[in-house]
>>> print(open('structure-v8.pdb').read())   # PDB, C-alpha atoms and all ligand atoms
ATOM      1  CA  MET A   1     118.825  79.600 116.613
ATOM      2  CA  SER A   2     118.562  80.373 112.922
ATOM      3  CA  THR A   3     119.825  83.627 111.478
ATOM      4  CA  ILE A   4     116.287  84.804 110.840
ATOM      5  CA  SER A   5     115.167  84.195 114.406
ATOM      6  CA  GLN A   6     118.311  85.896 115.736
ATOM      7  CA  ASN A   7     117.675  88.900 113.512
ATOM      8  CA  ILE A   8     114.093  89.101 114.700
ATOM      9  CA  SER A   9     115.021  88.971 118.351
ATOM     10  CA  GLN A  10     117.637  91.712 117.794
ATOM     11  CA  ILE A  11     114.984  93.831 116.058
ATOM     12  CA  HIS A  12     112.528  93.294 118.914
ATOM     13  CA  ASN A  13     115.216  94.610 121.290
ATOM     14  CA  ASP A  14     115.904  97.600 119.064
ATOM     15  CA  ILE A  15     112.177  98.344 118.825
ATOM     16  CA  GLN A  16     111.880  98.256 122.596
ATOM     17  CA  GLU A  17     114.827 100.580 123.073
ATOM     18  CA  ALA A  18     113.542 103.056 120.524
ATOM     19  CA  SER A  19     110.024 102.894 121.953
ATOM     20  CA  ALA A  20     111.368 103.954 125.333
ATOM     21  CA  ILE A  21     112.557 107.211 123.745
ATOM     22  CA  ASN A  22     109.333 107.754 121.812
ATOM     23  CA  ALA A  23     107.118 110.144 123.724
ATOM     24  CA  SER A  24     103.830 108.652 122.554
ATOM     25  CA  HIS A  25     104.688 105.120 123.744
ATOM     26  CA  GLU A  26     102.365 103.420 121.296
ATOM     27  CA  LYS A  27     102.862  99.721 120.733
ATOM     28  CA  VAL A  28     104.932  99.125 117.593
ATOM     29  CA  THR A  29     103.838  96.539 115.008
ATOM     30  CA  LEU A  30     106.557  94.754 113.071
ATOM     31  CA  VAL A  31     105.721  93.904 109.456
ATOM     32  CA  ALA A  32     108.293  91.528 107.958
ATOM     33  CA  VAL A  33     108.802  92.502 104.319
ATOM     34  CA  SER A  34     109.173  89.210 102.484
ATOM     35  CA  LYS A  35     109.300  90.391  98.864
ATOM     36  CA  GLY A  36     112.095  88.670  97.014
ATOM     37  CA  GLN A  37     112.300  85.957  99.712
ATOM     38  CA  ASN A  38     111.024  82.404  99.421
ATOM     39  CA  PHE A  39     108.192  80.991 101.485
ATOM     40  CA  ASN A  40     110.443  78.832 103.681
ATOM     41  CA  LYS A  41     111.874  82.035 105.109
ATOM     42  CA  ILE A  42     108.373  83.283 105.807
ATOM     43  CA  ILE A  43     107.662  80.098 107.751
ATOM     44  CA  GLU A  44     110.867  80.586 109.769
ATOM     45  CA  ALA A  45     109.735  84.067 110.745
ATOM     46  CA  PHE A  46     106.192  82.890 111.431
ATOM     47  CA  ASP A  47     107.559  80.177 113.741
ATOM     48  CA  VAL A  48     109.107  82.832 115.970
ATOM     49  CA  GLY A  49     105.906  84.814 116.199
ATOM     50  CA  ILE A  50     105.746  87.118 113.174
ATOM     51  CA  LEU A  51     102.160  87.338 111.890
ATOM     52  CA  ASN A  52     102.391  90.354 109.567
ATOM     53  CA  PHE A  53     104.123  90.072 106.192
ATOM     54  CA  GLY A  54     104.567  92.716 103.506
ATOM     55  CA  GLU A  55     104.824  92.201  99.754
ATOM     56  CA  ASN A  56     105.241  94.597  96.813
ATOM     57  CA  TYR A  57     104.485  92.511  93.754
ATOM     58  CA  LEU A  58     101.053  91.009  93.312
ATOM     59  CA  GLN A  59     101.836  87.802  91.445
ATOM     60  CA  GLU A  60     104.754  86.922  93.705
ATOM     61  CA  ALA A  61     102.554  87.562  96.751
ATOM     62  CA  LEU A  62      99.671  85.449  95.445
ATOM     63  CA  ASP A  63     101.990  82.504  94.780
ATOM     64  CA  LYS A  64     103.304  82.620  98.344
ATOM     65  CA  LYS A  65      99.890  83.159  99.864
ATOM     66  CA  LYS A  66      98.667  80.025  98.146
ATOM     67  CA  GLN A  67     101.562  77.971  99.502
ATOM     68  CA  LEU A  68     100.955  79.373 102.984
ATOM     69  CA  GLU A  69      97.173  79.015 103.014
ATOM     70  CA  LYS A  70      97.114  77.251 106.376
ATOM     71  CA  PHE A  71      99.021  79.998 108.191
ATOM     72  CA  PRO A  72      96.972  82.757 109.855
ATOM     73  CA  ILE A  73      99.073  85.513 108.298
ATOM     74  CA  GLN A  74      98.060  89.158 107.850
ATOM     75  CA  TRP A  75      99.185  90.209 104.376
ATOM     76  CA  HIS A  76     100.202  93.822 103.710
ATOM     77  CA  PHE A  77     100.467  95.226 100.191
ATOM     78  CA  LEU A  78     103.255  97.829  99.946
ATOM     79  CA  GLY A  79     103.944  98.378  96.260
ATOM     80  CA  PRO A  80     102.693 100.800  93.632
ATOM     81  CA  ILE A  81      99.109  99.970  92.626
ATOM     82  CA  GLN A  82      97.850  99.835  89.058
ATOM     83  CA  SER A  83      94.086  99.940  88.544
ATOM     84  CA  ASN A  84      94.013  96.507  86.933
ATOM     85  CA  LYS A  85      95.516  94.963  90.089
ATOM     86  CA  CYS A  86      92.929  96.363  92.500
ATOM     87  CA  LYS A  87      90.526  93.428  92.326
ATOM     88  CA  LEU A  88      93.102  90.820  93.323
ATOM     89  CA  ILE A  89      94.613  93.112  95.949
ATOM     90  CA  ALA A  90      91.169  93.721  97.488
ATOM     91  CA  GLU A  91      90.462  89.997  97.531
ATOM     92  CA  ASN A  92      93.769  88.834  98.975
ATOM     93  CA  PHE A  93      95.228  91.346 101.400
ATOM     94  CA  ASN A  94      94.379  92.561 104.901
ATOM     95  CA  TRP A  95      96.192  95.872 104.546
ATOM     96  CA  VAL A  96      97.253  98.197 101.728
ATOM     97  CA  HIS A  97      99.854 100.860 102.630
ATOM     98  CA  SER A  98     100.364 102.478  99.252
ATOM     99  CA  VAL A  99      97.030 104.103  98.418
ATOM    100  CA  ASP A 100      97.392 107.599  96.982
ATOM    101  CA  ARG A 101      94.381 108.303  94.784
ATOM    102  CA  LEU A 102      90.621 108.167  94.811
ATOM    103  CA  LYS A 103      90.300 105.937  91.765
ATOM    104  CA  VAL A 104      92.283 103.195  93.504
ATOM    105  CA  MET A 105      90.289 103.614  96.723
ATOM    106  CA  LYS A 106      87.035 103.152  94.829
ATOM    107  CA  LEU A 107      88.271 100.071  93.008
ATOM    108  CA  LEU A 108      89.566  98.509  96.234
ATOM    109  CA  ASN A 109      86.248  99.222  97.930
ATOM    110  CA  ASP A 110      84.127  97.887  95.086
ATOM    111  CA  ASN A 111      86.133  94.687  94.842
ATOM    112  CA  ARG A 112      86.434  93.918  98.564
ATOM    113  CA  PRO A 113      84.454  90.720  99.251
ATOM    114  CA  LEU A 114      81.620  91.413 101.683
ATOM    115  CA  ASN A 115      82.151  88.268 103.717
ATOM    116  CA  ILE A 116      85.512  89.461 105.067
ATOM    117  CA  LEU A 117      86.473  92.458 107.207
ATOM    118  CA  PRO A 118      86.945  95.866 105.580
ATOM    119  CA  LEU A 119      90.334  96.393 103.959
ATOM    120  CA  ASN A 120      92.716  98.385 106.172
ATOM    121  CA  ILE A 121      94.355 101.192 104.276
ATOM    122  CA  CYS A 122      97.124 103.700 104.793
ATOM    123  CA  ILE A 123      97.514 106.641 102.477
ATOM    124  CA  GLN A 124     101.020 107.032 101.124
ATOM    125  CA  ILE A 125     102.600 110.452 101.578
ATOM    126  CA  ASN A 126     105.601 111.593  99.544
ATOM    127  CA  THR A 127     107.836 113.435 102.009
ATOM    128  CA  SER A 128     110.890 113.496  99.756
ATOM    129  CA  GLY A 129     109.752 116.162  97.324
ATOM    130  CA  GLU A 130     110.944 113.925  94.461
ATOM    131  CA  GLU A 131     108.231 113.989  91.827
ATOM    132  CA  THR A 132     108.917 110.474  90.595
ATOM    133  CA  LYS A 133     108.001 108.971  93.975
ATOM    134  CA  SER A 134     104.512 107.639  94.713
ATOM    135  CA  GLY A 135     102.314 109.281  97.309
ATOM    136  CA  ILE A 136     100.555 112.543  97.948
ATOM    137  CA  PRO A 137     103.151 115.347  98.160
ATOM    138  CA  ILE A 138     103.478 116.392 101.807
ATOM    139  CA  LYS A 139     103.127 120.075 100.940
ATOM    140  CA  ASP A 140      99.528 119.707  99.827
ATOM    141  CA  ALA A 141      98.744 116.628 101.886
ATOM    142  CA  LYS A 142      96.109 118.378 103.992
ATOM    143  CA  THR A 143      93.920 119.436 101.065
ATOM    144  CA  GLN A 144      94.206 116.174  99.173
ATOM    145  CA  LEU A 145      93.655 114.086 102.288
ATOM    146  CA  ILE A 146      90.456 115.947 103.093
ATOM    147  CA  GLU A 147      89.083 114.967  99.678
ATOM    148  CA  LEU A 148      90.030 111.315 100.111
ATOM    149  CA  ILE A 149      88.643 111.230 103.644
ATOM    150  CA  GLN A 150      85.324 112.698 102.579
ATOM    151  CA  ALA A 151      85.052 110.040  99.876
ATOM    152  CA  LEU A 152      85.499 107.322 102.509
ATOM    153  CA  ASN A 153      81.918 107.874 103.672
ATOM    154  CA  GLU A 154      80.851 106.150 100.494
ATOM    155  CA  LEU A 155      83.452 103.396 100.720
ATOM    156  CA  PRO A 156      82.222 101.149 103.558
ATOM    157  CA  ASN A 157      84.547  98.283 102.653
ATOM    158  CA  LEU A 158      87.635 100.304 103.478
ATOM    159  CA  LYS A 159      88.909 101.233 106.914
ATOM    160  CA  LEU A 160      91.320 104.168 106.983
ATOM    161  CA  ARG A 161      94.041 103.301 109.494
ATOM    162  CA  GLY A 162      96.697 105.925 108.837
ATOM    163  CA  ILE A 163      99.507 107.196 106.661
ATOM    164  CA  MET A 164     102.679 105.676 105.258
ATOM    165  CA  SER A 165     105.920 107.110 103.893
ATOM    166  CA  ILE A 166     109.263 106.129 102.441
ATOM    167  CA  PRO A 167     111.785 108.893 103.215
ATOM    168  CA  SER A 168     114.320 110.345 100.779
ATOM    169  CA  ASN A 169     117.075 108.011  99.792
ATOM    170  CA  THR A 170     119.848 109.985 101.496
ATOM    171  CA  GLU A 171     122.593 109.671 104.103
ATOM    172  CA  ASP A 172     121.523 113.029 105.512
ATOM    173  CA  ILE A 173     120.022 112.099 108.885
ATOM    174  CA  LYS A 174     118.701 115.580 109.490
ATOM    175  CA  GLN A 175     116.711 115.445 106.266
ATOM    176  CA  ILE A 176     115.236 112.071 107.251
ATOM    177  CA  ILE A 177     114.353 113.324 110.736
ATOM    178  CA  ASP A 178     112.598 116.354 109.239
ATOM    179  CA  GLU A 179     110.520 114.032 107.058
ATOM    180  CA  PHE A 180     109.619 111.791 110.017
ATOM    181  CA  LYS A 181     108.648 114.845 112.065
ATOM    182  CA  ALA A 182     106.394 116.151 109.298
ATOM    183  CA  MET A 183     104.687 112.753 109.112
ATOM    184  CA  HIS A 184     104.165 112.659 112.863
ATOM    185  CA  ILE A 185     102.529 116.083 112.845
ATOM    186  CA  LEU A 186     100.198 115.055 110.031
ATOM    187  CA  TYR A 187      99.392 111.780 111.782
ATOM    188  CA  SER A 188      98.556 113.515 115.070
ATOM    189  CA  GLU A 189      96.230 115.929 113.308
ATOM    190  CA  LEU A 190      94.407 113.148 111.485
ATOM    191  CA  LYS A 191      94.162 111.028 114.599
ATOM    192  CA  ASN A 192      92.410 113.881 116.389
ATOM    193  CA  GLU A 193      89.825 114.105 113.647
ATOM    194  CA  ILE A 194      89.170 110.503 112.644
ATOM    195  CA  ASP A 195      88.330 107.620 114.972
ATOM    196  CA  THR A 196      89.780 104.790 112.923
ATOM    197  CA  ILE A 197      93.253 106.323 112.589
ATOM    198  CA  ASP A 198      95.837 104.519 114.697
ATOM    199  CA  THR A 199      98.760 103.775 112.377
ATOM    200  CA  LEU A 200     101.860 105.721 111.413
ATOM    201  CA  SER A 201     103.631 103.395 108.982
ATOM    202  CA  MET A 202     107.261 104.481 108.608
ATOM    203  CA  GLY A 203     110.700 102.984 109.130
ATOM    204  CA  MET A 204     112.574 100.294 107.196
ATOM    205  CA  SER A 205     115.762  98.291 107.852
ATOM    206  CA  SER A 206     118.101 101.279 107.773
ATOM    207  CA  ASP A 207     116.008 103.781 109.714
ATOM    208  CA  PHE A 208     113.370 102.044 111.823
ATOM    209  CA  LYS A 209     114.865 103.009 115.192
ATOM    210  CA  LEU A 210     114.859 106.652 114.189
ATOM    211  CA  ALA A 211     111.328 106.339 112.805
ATOM    212  CA  ILE A 212     110.063 104.943 116.119
ATOM    213  CA  GLU A 213     111.778 107.714 118.066
ATOM    214  CA  TYR A 214     109.800 110.153 115.963
ATOM    215  CA  GLY A 215     106.476 108.429 116.529
ATOM    216  CA  SER A 216     106.157 105.523 114.104
ATOM    217  CA  ASN A 217     104.062 102.617 115.384
ATOM    218  CA  LEU A 218     104.397 100.297 112.391
ATOM    219  CA  VAL A 219     107.758  99.431 110.862
ATOM    220  CA  ARG A 220     108.267  97.536 107.602
ATOM    221  CA  ILE A 221     111.508  95.569 107.735
ATOM    222  CA  GLY A 222     112.900  93.294 105.033
ATOM    223  CA  THR A 223     116.668  93.049 104.660
ATOM    224  CA  ALA A 224     117.454  93.278 108.380
ATOM    225  CA  ILE A 225     115.325  90.164 108.948
ATOM    226  CA  PHE A 226     115.840  88.051 105.850
ATOM    227  CA  GLY A 227     119.133  89.319 104.419
ATOM    228  CA  VAL A 228     119.636  90.602 100.908
ATOM    229  CA  ARG A 229     116.741  89.794  98.612
ATOM    230  CA  ALA A 230     117.461  86.746  96.484
ATOM    231  CA  ILE A 231     114.677  86.949  93.940
ATOM    232  CA  LYS A 232     114.949  90.145  91.977
ATOM    233  CA  THR A 233     111.415  90.904  90.861
ATOM    234  CA  GLN A 234     110.024  93.251  88.263
ATOM    235  CA  GLY A 235     112.480  96.066  89.020
ATOM    236  CA  GLU A 236     112.390  97.653  92.440
ATOM    237  CA  ASP A 237     110.861 101.029  92.015
ATOM    238  CA  ASN A 238     110.664 102.308  95.519
TER     239      ASN A 238
HETATM  240  C1  LIG B   1     111.033  96.901 100.287
HETATM  241  C2  LIG B   1     110.248  97.772 101.176
HETATM  242  C3  LIG B   1     110.471  97.786 102.565
HETATM  243  C4  LIG B   1     111.569  96.995 103.239
HETATM  244  O1  LIG B   1     112.810  97.515 102.931
HETATM  245  P1  LIG B   1     114.151  97.006 103.695
HETATM  246  O2  LIG B   1     115.114  98.090 103.441
HETATM  247  O3  LIG B   1     114.536  95.711 103.044
HETATM  248  O4  LIG B   1     113.822  96.845 105.122
HETATM  249  C5  LIG B   1     109.634  98.568 103.346
HETATM  250  N1  LIG B   1     108.659  99.319 102.814
HETATM  251  C6  LIG B   1     108.432  99.338 101.484
HETATM  252  C7  LIG B   1     107.328 100.182 100.952
HETATM  253  C8  LIG B   1     109.222  98.593 100.630
HETATM  254  O5  LIG B   1     108.996  98.649  99.305
END
>>> encode(input="structure-v8.pdb", output="C-alpha cells")
Amino acid sequence: MSTISQNISQIHNDIQEASAINASHEKVTLVAVSKGQNFNKIIEAFDVGILNFGENYLQEALDKKKQLEKFPIQWHFLGPIQSNKCKLIAENFNWVHSVDRLKVMKLLNDNRPLNILPLNICIQINTSGEETKSGIPIKDAKTQLIELIQALNELPNLKLRGIMSIPSNTEDIKQIIDEFKAMHILYSELKNEIDTIDTLSMGMSSDFKLAIEYGSNLVRIGTAIFGVRAIKTQGEDN
C-alpha cells in the first residue's frame, strides 16, 4: 500500500469514529485538497476511491484538470476569488466553497455554461473575527446571507449548498469548538429555510475530527493525505 492510500484509509476510519459521536449522523464527504501536489498524487488518491478534489489557485488547477481530463473528478474551488477569475472558475469547477459577495455570485452565474449542471456553491463565513480573513463576518452573517439568498432567485445557474469556514489559526481548542458550534447553528437555521442546503463545509487536516463531532459533513483535507505541499504557489493566503 502506498503512503497516500494508507493515509486515506486512516482518515476514513477517523471520519467514521467522529461521525459516531456526531448527533446529526449525516454522511461525511471527503474532499482531498491537492493544491501544491502533482497530478500523479491525484491519480493515486483517485485509484483508492477519492472523487472530490480541492484546489485554491486557478491556473494550477486548470493545468491539472487538463492532464486528468479522462477522470470523472468533481473539482472544488477553495481559494479567494477575484472577479477576473470568475469566468474560468464557472466553466471548470463543480463546486465553489469561497463565495462571499454578490458581485462574484453574479459573475459565476452569468458565466456558467448552460449545458452543464448548476454550479454548487458554499458561502464562506469568517468565524475568526480577524478582518483580514475572507468570508462574511459571523456576527452579521444572518443579515448578509439573507441578501445573498434573495439574489439567488435571479441566479438560476447556481445551486446554494451550504456554508464553509476556516477557523482561527490557534492552538486554543475551546476557541475552535466555539467557532464550529456557531457554524452548526447557522447551518441548521439555513437548512430549515432553504431546500437545497445540505452542506456544512468545515474541518481540515488538523481539526477535521473535531469539526465532524460538531456537525460538519464535508471535510477538506490536504496535508494529512498527501504530505507537506511540494509546490509552493502564489503565496498561501488562507
Ligand atoms: C489548503 C486548504 C485546505 C487543506 O488544508 P490542510 O491543512 O492541508 O488539510 C482546506 N481548506 C482550504 C480552504 C484550504 O485553503
>>> axis_aligned_box(input="structure-v8.pdb", around="ligand LIG 1 (chain B)", padding_each_side="3 Å", output="JSON")
{"center_x": 111.2, "center_y": 97.9, "center_z": 102.2, "size_x": 13.8, "size_y": 10.5, "size_z": 11.8}
>>> closest_residue(input="structure-v8.pdb", among="A:Pro113, A:Gly135, A:Gly49, A:Gly215", to="ligand LIG 1 (chain B)", atoms="all atoms listed in the file")
A:Gly135
>>> resolve_selection(input="structure-v8.pdb", expression="the PyMOL selection byres (((chain A and resi 227) around 10) and not hetatm)", output="ChimeraX atom specification")
/A:3-4,7,37,222-226,228-230
>>> resolve_selection(input="structure-v8.pdb", expression="the PyMOL selection byres (((chain A and resi 149-162) around 7) and not hetatm)", output="list of chain:residue names")
A:Lys106, A:Asn109, A:Arg112, A:Pro118, A:Leu119, A:Asn120, A:Ile121, A:Cys122, A:Ile123, A:Leu145, A:Ile146, A:Glu147, A:Leu148, A:Ile163, A:Met164, A:Thr196, A:Ile197, A:Asp198, A:Thr199, A:Leu200
>>> atom_distance(input="structure-v8.pdb", atom1="atom CA of Asn92 of chain A", atom2="atom CA of Leu186 of chain A")
29.2 Å
>>> residues_near_ligand(input="structure-v8.pdb", ligand="ligand LIG 1 (chain B)", cutoff="7 Å", atoms="all atoms listed in the file", output="MDAnalysis selection string")
chainID A and resid 33 35 56 78:79 166 204:206 220:224 238
>>> residues_around(input="structure-v8.pdb", residues="Phe71 of chain A", least_positions_apart="2", cutoff="9 Å", atoms="only C-alpha atoms", output="ChimeraX atom specification")
/A:43,46,51,65,68-69,73
>>> atom_distance(input="structure-v8.pdb", atom1="atom CA of Ser168 of chain A", atom2="atom CA of Asn13 of chain A")
25.9 Å
>>> residues_around(input="structure-v8.pdb", residues="Ser5 of chain A", least_positions_apart="6", cutoff="8 Å", atoms="all atoms listed in the file", output="ChimeraX atom specification")
/A:44-45,48
>>> residues_around(input="structure-v8.pdb", residues="segment 18-22 of chain A", least_positions_apart="6", cutoff="8 Å", atoms="all atoms listed in the file", output="PyMOL selection string")
chain A and resi 28+209-210+212-215
>>> residues_near_point(input="structure-v8.pdb", point="(112.3, 105.7, 100.6)", cutoff="10 Å", atoms="only C-alpha atoms", output="PyMOL selection string")
chain A and resi 126-128+133-134+165-170+176+202-204+237-238
>>> atom_distance(input="structure-v8.pdb", atom1="atom CA of Asp100 of chain A", atom2="atom CA of Gln124 of chain A")
5.5 Å
>>> resolve_selection(input="structure-v8.pdb", expression="the PyMOL selection byres (((chain A and resi 52) around 9) and not hetatm)", output="list in words")
Thr29, Leu30, Val31, Ala32, Val33, Phe46, Ile50, Leu51, Phe53, Gly54, Ile73, Gln74, Trp75 and His76 of chain A
>>> closest_residue(input="structure-v8.pdb", among="A:Gln67, A:Asp110, A:Glu60, A:Glu130", to="Cys86 of chain A", atoms="all atoms listed in the file")
A:Asp110
>>> build_atoms(input="structure-v8.pdb", residues="segment 124-136 of chain A", atoms="N, CA, C and O atoms", output="PDB file, keeping the file's coordinate frame")
ATOM      1  N   GLN A 124      99.584 106.773 101.255  1.00  0.00           N
ATOM      2  CA  GLN A 124     101.020 107.032 101.124  1.00  0.00           C
ATOM      3  C   GLN A 124     101.277 108.517 100.896  1.00  0.00           C
ATOM      4  O   GLN A 124     100.658 109.156 100.057  1.00  0.00           O
ATOM      5  N   ILE A 125     102.217 109.044 101.671  1.00  0.00           N
ATOM      6  CA  ILE A 125     102.600 110.452 101.578  1.00  0.00           C
ATOM      7  C   ILE A 125     104.030 110.525 101.041  1.00  0.00           C
ATOM      8  O   ILE A 125     104.900 109.773 101.495  1.00  0.00           O
ATOM      9  N   ASN A 126     104.256 111.393 100.089  1.00  0.00           N
ATOM     10  CA  ASN A 126     105.601 111.593  99.544  1.00  0.00           C
ATOM     11  C   ASN A 126     106.268 112.747 100.287  1.00  0.00           C
ATOM     12  O   ASN A 126     105.957 113.909 100.057  1.00  0.00           O
ATOM     13  N   THR A 127     107.177 112.398 101.208  1.00  0.00           N
ATOM     14  CA  THR A 127     107.836 113.435 102.009  1.00  0.00           C
ATOM     15  C   THR A 127     109.135 113.905 101.365  1.00  0.00           C
ATOM     16  O   THR A 127     109.770 114.831 101.852  1.00  0.00           O
ATOM     17  N   SER A 128     109.554 113.243 100.310  1.00  0.00           N
ATOM     18  CA  SER A 128     110.890 113.496  99.756  1.00  0.00           C
ATOM     19  C   SER A 128     110.932 114.686  98.812  1.00  0.00           C
ATOM     20  O   SER A 128     112.000 115.231  98.540  1.00  0.00           O
ATOM     21  N   GLY A 129     109.769 115.079  98.294  1.00  0.00           N
ATOM     22  CA  GLY A 129     109.752 116.162  97.324  1.00  0.00           C
ATOM     23  C   GLY A 129     110.149 115.701  95.925  1.00  0.00           C
ATOM     24  O   GLY A 129     110.075 116.462  94.969  1.00  0.00           O
ATOM     25  N   GLU A 130     110.594 114.438  95.795  1.00  0.00           N
ATOM     26  CA  GLU A 130     110.944 113.925  94.461  1.00  0.00           C
ATOM     27  C   GLU A 130     109.663 113.581  93.718  1.00  0.00           C
ATOM     28  O   GLU A 130     108.846 112.808  94.206  1.00  0.00           O
ATOM     29  N   GLU A 131     109.501 114.149  92.528  1.00  0.00           N
ATOM     30  CA  GLU A 131     108.231 113.989  91.827  1.00  0.00           C
ATOM     31  C   GLU A 131     107.996 112.584  91.301  1.00  0.00           C
ATOM     32  O   GLU A 131     106.868 112.177  91.064  1.00  0.00           O
ATOM     33  N   THR A 132     109.077 111.836  91.124  1.00  0.00           N
ATOM     34  CA  THR A 132     108.917 110.474  90.595  1.00  0.00           C
ATOM     35  C   THR A 132     108.389 109.501  91.646  1.00  0.00           C
ATOM     36  O   THR A 132     107.972 108.401  91.320  1.00  0.00           O
ATOM     37  N   LYS A 133     108.438 109.884  92.917  1.00  0.00           N
ATOM     38  CA  LYS A 133     108.001 108.971  93.975  1.00  0.00           C
ATOM     39  C   LYS A 133     106.479 108.921  94.078  1.00  0.00           C
ATOM     40  O   LYS A 133     105.797 109.912  93.843  1.00  0.00           O
ATOM     41  N   SER A 134     105.950 107.767  94.485  1.00  0.00           N
ATOM     42  CA  SER A 134     104.512 107.639  94.713  1.00  0.00           C
ATOM     43  C   SER A 134     104.110 108.416  95.957  1.00  0.00           C
ATOM     44  O   SER A 134     104.936 108.767  96.782  1.00  0.00           O
ATOM     45  N   GLY A 135     102.823 108.650  96.095  1.00  0.00           N
ATOM     46  CA  GLY A 135     102.314 109.281  97.309  1.00  0.00           C
ATOM     47  C   GLY A 135     101.862 110.702  97.080  1.00  0.00           C
ATOM     48  O   GLY A 135     102.268 111.361  96.126  1.00  0.00           O
ATOM     49  N   ILE A 136     101.025 111.162  97.993  1.00  0.00           N
ATOM     50  CA  ILE A 136     100.555 112.543  97.948  1.00  0.00           C
ATOM     51  C   ILE A 136     101.681 113.441  98.457  1.00  0.00           C
ATOM     52  O   ILE A 136     102.222 113.195  99.543  1.00  0.00           O
TER      53      ILE A 136
END
